[in-house]
file final23.txt (compact mmCIF, C-alpha atoms)
# COMPACT_ATOMS: atom_id res chain seq x y z
CA ARG P 1 -24.98 -9.28 3.82
CA GLY P 2 -24.40 -12.61 2.08
CA GLN P 3 -26.45 -11.53 -0.94
CA LEU P 4 -24.56 -8.26 -1.18
CA GLU P 5 -21.22 -10.07 -1.07
CA LYS P 6 -22.43 -12.45 -3.77
CA TRP P 7 -23.56 -9.53 -5.94
CA LEU P 8 -20.28 -7.63 -5.43
CA GLY P 9 -18.23 -10.77 -5.96
CA LYS P 10 -16.07 -9.98 -2.91
CA PRO P 11 -16.45 -9.66 0.85
CA CYS P 12 -17.89 -6.49 2.31
CA ALA P 13 -15.50 -4.21 4.17
CA PRO P 14 -16.04 -3.95 7.93
CA SER P 15 -18.18 -0.90 8.69
CA ASP P 16 -16.97 -0.19 12.22
CA VAL P 17 -13.31 0.35 11.32
CA GLY P 18 -12.14 3.96 11.22
CA ARG P 19 -15.08 5.70 12.86
CA PHE P 20 -12.81 7.82 15.02
CA GLU P 21 -9.72 9.90 14.40
CA PRO P 22 -6.62 7.70 14.38
CA GLU P 23 -4.36 8.02 17.39
CA GLU P 24 -0.58 8.50 17.38
CA ARG P 25 0.01 4.85 18.27
CA ASP P 26 -1.90 3.79 15.12
CA VAL P 27 0.92 5.12 12.92
CA GLU P 28 3.78 3.81 15.06
CA GLU P 29 2.78 0.16 15.07
CA PHE P 30 4.46 -2.12 12.56
CA SER P 31 2.69 -5.40 13.24
CA HIS P 32 0.17 -6.97 10.85
CA LEU P 33 2.04 -5.95 7.70
CA VAL P 34 0.19 -7.64 4.87
CA LYS P 35 1.45 -5.99 1.70
CA THR P 36 4.96 -4.66 1.33
CA GLN P 37 6.51 -3.13 -1.76
CA TRP P 38 9.96 -1.57 -1.74
CA LEU P 39 10.67 1.34 -4.08
CA LEU P 40 14.40 1.96 -4.13
CA PRO P 41 15.36 5.11 -6.06
CA ALA P 42 19.07 4.43 -5.49
CA LEU P 43 18.75 1.15 -7.43
CA GLN P 44 16.00 1.97 -9.96
CA ASN P 45 15.55 4.94 -12.26
CA SER P 46 12.39 7.04 -12.12
CA SER P 47 10.74 5.40 -15.15
CA GLU P 48 11.20 1.94 -13.60
CA LEU P 49 9.72 3.19 -10.32
CA MET P 50 6.72 4.57 -12.22
CA ARG P 51 6.20 1.15 -13.86
CA VAL P 52 6.23 -0.49 -10.43
CA VAL P 53 3.59 1.95 -9.16
CA LEU P 54 1.48 1.37 -12.29
CA ASP P 55 1.64 -2.40 -11.73
CA MET P 56 0.60 -1.84 -8.11
CA GLU P 57 -2.33 0.27 -9.28
CA ASP P 58 -3.75 -2.17 -11.82
CA GLY P 59 -2.66 -5.41 -10.14
CA CYS P 60 -0.30 -6.24 -13.03
CA THR P 61 -3.21 -6.51 -15.46
CA ASP P 62 -1.33 -4.59 -18.14
CA ALA P 63 1.86 -6.58 -17.57
CA ALA P 64 -0.04 -9.87 -17.71
CA SER P 65 -1.86 -8.94 -20.92
CA THR P 66 1.49 -8.27 -22.56
CA LEU P 67 2.58 -11.92 -22.30
CA GLY P 68 -0.83 -13.48 -21.66
CA THR P 69 0.06 -14.87 -18.24
CA HIS P 70 -0.22 -13.52 -14.70
CA HIS P 71 3.02 -14.99 -13.37
CA THR P 72 5.38 -13.02 -15.54
CA PRO P 73 8.67 -11.24 -14.96
CA LEU P 74 7.09 -8.14 -16.50
CA CYS P 75 4.99 -7.69 -13.36
CA ARG P 76 7.19 -5.41 -11.25
CA CYS P 77 5.01 -5.41 -8.11
CA THR P 78 6.32 -8.28 -5.97
CA TRP P 79 3.11 -8.62 -3.94
CA CYS P 80 0.86 -8.56 -7.03
CA ARG P 81 3.03 -11.13 -8.78
CA GLU P 82 2.56 -13.59 -5.88
CA GLN P 83 -1.27 -13.49 -6.02
CA THR P 84 -3.25 -16.21 -7.77
CA HIS P 85 -5.81 -13.68 -9.07
CA ARG P 86 -4.88 -10.24 -10.31
CA GLN P 87 -5.85 -7.53 -7.87
CA PRO P 88 -4.52 -4.05 -7.17
CA TRP P 89 -2.14 -3.49 -4.27
CA LEU P 90 -4.49 -0.90 -2.76
CA ASP P 91 -8.08 -2.09 -2.38
CA GLU P 92 -11.17 -1.54 -0.22
CA ARG P 93 -9.76 -3.71 2.57
CA THR P 94 -6.68 -1.53 2.92
CA ARG P 95 -6.69 0.29 6.25
CA ARG P 96 -3.28 1.98 6.23
CA VAL P 97 -0.51 2.79 3.79
CA GLU P 98 2.84 4.06 4.99
CA ILE P 99 5.49 5.70 2.86
CA ALA P 100 8.75 5.72 4.80
CA PHE P 101 12.14 7.13 3.96
CA VAL P 102 15.35 8.18 5.67
CA VAL P 103 16.73 11.72 5.48
CA TYR P 104 20.11 13.08 6.52
CA ASN P 105 20.60 16.51 8.08
CA PRO P 106 24.25 17.45 7.44
CA GLN P 107 24.01 20.50 9.72
CA TYR P 108 23.53 18.25 12.75
CA GLY P 109 24.91 15.02 11.33
CA ALA P 110 21.59 13.33 12.11
CA TRP P 111 19.68 10.62 10.28
CA SER P 112 15.89 10.62 10.67
CA ARG P 113 13.28 8.13 9.60
CA VAL P 114 10.16 9.84 8.26
CA GLY P 115 6.89 7.96 7.96
CA VAL P 116 3.93 9.43 6.10
CA ASN P 117 0.80 7.43 6.90
CA PHE P 118 -2.54 7.38 5.13
CA ILE P 119 -5.29 5.79 7.21
CA PHE P 120 -8.50 4.88 5.37
CA ASN P 121 -11.83 4.66 7.15
CA SER P 122 -14.90 2.84 5.89
CA ALA P 123 -16.64 6.09 4.91
CA GLY P 124 -13.89 6.90 2.43
CA HIS P 125 -12.08 9.58 4.42
CA ILE P 126 -8.29 9.47 4.36
CA HIS P 127 -6.56 10.61 7.53
CA LYS P 128 -2.97 11.74 7.14
CA ALA P 129 -0.31 11.49 9.82
CA THR P 130 3.43 12.02 9.78
CA ASN P 131 5.98 10.85 12.32
CA VAL P 132 9.72 11.48 12.44
call {"tool": "encode", "arguments": {"input": "final23.txt", "output": "structure tokens"}}
result
Amino acid sequence: RGQLEKWLGKPCAPSDVGRFEPEERDVEEFSHLVKTQWLLPALQNSSELMRVVLDMEDGCTDAASTLGTHHTPLCRCTWCREQTHRQPWLDERTRRVEIAFVVYNPQYGAWSRVGVNFIFNSAGHIHKATNV
């Protein structure tokens, strides 16, 4: 395993994570948050949101090459900007990504929080789960 990690240049992902279908409680737990990025459409226009997602995807590599430095205000991904080495927001160690938003139902006057979860297993399968 050590030789493989040396060859890859990064640690190997655990192979026993995600062997089984995720359970409901797996998408309701909010502990162990490691990476958080807020996308606020009420405060940012759609082109700015797309730039944030692009920076998340390439780890601000494009933004850093623009000014020649990694710690630059052009990097719109707050988590990526705080890293010492450029790396994408979503990588092989990512186990779960949640996209959450609030919706309003005017018919009933009810607010609901919707969470769309993507759970990655080590074999590459992506399980999807939604909770309201």
call {"tool": "closest_residue", "arguments": {"input": "final23.txt", "among": "P:Gln83, P:Gln3, P:Thr36, P:Gln107", "to": "Cys60 in chain P", "atoms": "all atoms listed in the file"}}
result
P:Gln83
call {"tool": "atom_distance", "arguments": {"input": "final23.txt", "atom1": "CA of Leu40 in chain P", "atom2": "CA of Asp55 in chain P"}}
result
15.5 Å
call {"tool": "atom_distance", "arguments": {"input": "final23.txt", "atom1": "CA of Lys10 in chain P", "atom2": "CA of Val97 in chain P"}}
result
21.2 Å
call {"tool": "closest_residue", "arguments": {"input": "final23.txt", "among": "P:Asn105, P:Gln44, P:Ala129, P:Thr61", "to": "His85 in chain P", "atoms": "all atoms listed in the file"}}
result
P:Thr61
call {"tool": "closest_residue", "arguments": {"input": "final23.txt", "among": "P:Arg86, P:Leu39, P:Glu92, P:Gly9", "to": "Val53 in chain P", "atoms": "all atoms listed in the file"}}
result
P:Leu39
call {"tool": "closest_residue", "arguments": {"input": "final23.txt", "among": "P:Gln87, P:Ser122, P:Thr78, P:Ser112", "to": "Asp62 in chain P", "atoms": "all atoms listed in the file"}}
result
P:Gln87
call {"tool": "residues_around", "arguments": {"input": "final23.txt", "residues": "Lys128 in chain P", "least_positions_apart": "5", "cutoff": "8 Å", "atoms": "only C-alpha atoms", "output": "CSV table (one decimal) with C-alpha atoms, in the frame of the given file"}}
result
chain,number,residue,atom,x,y,z
P,116,VAL,CA,3.9,9.4,6.1
P,117,ASN,CA,0.8,7.4,6.9
P,118,PHE,CA,-2.5,7.4,5.1
P,119,ILE,CA,-5.3,5.8,7.2
call {"tool": "closest_residue", "arguments": {"input": "final23.txt", "among": "P:Trp111, P:Trp89, P:Trp38, P:Phe120", "to": "Val132 in chain P", "atoms": "only C-alpha atoms"}}
result
P:Trp111
call {"tool": "atom_distance", "arguments": {"input": "final23.txt", "atom1": "CA of Asn121 in chain P", "atom2": "CA of Val52 in chain P"}}
result
25.7 Å
call {"tool": "closest_residue", "arguments": {"input": "final23.txt", "among": "P:His125, P:Leu4, P:Glu98, P:Asn131", "to": "Arg113 in chain P", "atoms": "all atoms listed in the file"}}
result
P:Asn131
call {"tool": "residues_around", "arguments": {"input": "final23.txt", "residues": "Leu54 in chain P", "least_positions_apart": "4", "cutoff": "12 Å", "atoms": "all atoms listed in the file", "output": "list in words"}}
result
Ser47, Glu48, Leu49, Met50, Asp58, Gly59, Cys60, Thr61, Asp62, Ala63, Leu74, Cys75, Arg76, Cys77, Cys80, Pro88, Trp89 and Leu90 of chain P
call {"tool": "axis_aligned_box", "arguments": {"input": "final23.txt", "around": "range 40-45 of chain P", "padding_each_side": "4 Å", "output": "JSON"}}
result
{"center_x": 16.7, "center_y": 3.1, "center_z": -8.2, "size_x": 12.7, "size_y": 12.0, "size_z": 16.1}
call {"tool": "decode", "arguments": {"input": "final23.txt", "residues": "range 47-58 of chain P", "atoms": "N, CA, C and O atoms", "output": "CSV table (one decimal), in the first residue's frame"}}
result
chain,number,residue,atom,x,y,z
P,47,SER,N,-23.9,34.0,-13.5
P,47,SER,CA,-22.5,33.9,-14.1
P,47,SER,C,-21.5,33.8,-12.9
P,47,SER,O,-20.5,33.1,-13.0
P,48,GLU,N,-21.7,34.6,-11.8
P,48,GLU,CA,-20.8,34.5,-10.7
P,48,GLU,C,-20.9,33.2,-10.0
P,48,GLU,O,-19.9,32.6,-9.6
P,49,LEU,N,-22.1,32.6,-9.9
P,49,LEU,CA,-22.3,31.3,-9.3
P,49,LEU,C,-21.5,30.2,-10.2
P,49,LEU,O,-20.9,29.3,-9.6
P,50,MET,N,-21.6,30.3,-11.5
P,50,MET,CA,-20.9,29.4,-12.4
P,50,MET,C,-19.4,29.5,-12.2
P,50,MET,O,-18.7,28.5,-12.2
P,51,ARG,N,-18.9,30.7,-12.0
P,51,ARG,CA,-17.4,30.9,-11.7
P,51,ARG,C,-17.0,30.2,-10.4
P,51,ARG,O,-15.9,29.6,-10.3
P,52,VAL,N,-17.9,30.3,-9.4
P,52,VAL,CA,-17.6,29.7,-8.1
P,52,VAL,C,-17.5,28.1,-8.3
P,52,VAL,O,-16.6,27.5,-7.8
P,53,VAL,N,-18.5,27.6,-9.0
P,53,VAL,CA,-18.5,26.1,-9.3
P,53,VAL,C,-17.3,25.7,-10.1
P,53,VAL,O,-16.7,24.7,-9.8
P,54,LEU,N,-16.9,26.5,-11.1
P,54,LEU,CA,-15.7,26.2,-11.8
P,54,LEU,C,-14.4,26.2,-11.0
P,54,LEU,O,-13.6,25.3,-11.1
P,55,ASP,N,-14.3,27.2,-10.1
P,55,ASP,CA,-13.2,27.2,-9.1
P,55,ASP,C,-13.2,26.0,-8.2
P,55,ASP,O,-12.2,25.4,-7.9
P,56,MET,N,-14.4,25.6,-7.8
P,56,MET,CA,-14.5,24.4,-7.0
P,56,MET,C,-14.0,23.1,-7.8
P,56,MET,O,-13.4,22.2,-7.2
P,57,GLU,N,-14.4,23.1,-9.0
P,57,GLU,CA,-14.0,21.9,-9.9
P,57,GLU,C,-12.5,21.8,-10.1
P,57,GLU,O,-12.0,20.7,-10.1
P,58,ASP,N,-11.9,22.9,-10.4
P,58,ASP,CA,-10.4,22.8,-10.7
P,58,ASP,C,-9.5,23.3,-9.6
P,58,ASP,O,-8.3,23.4,-9.7
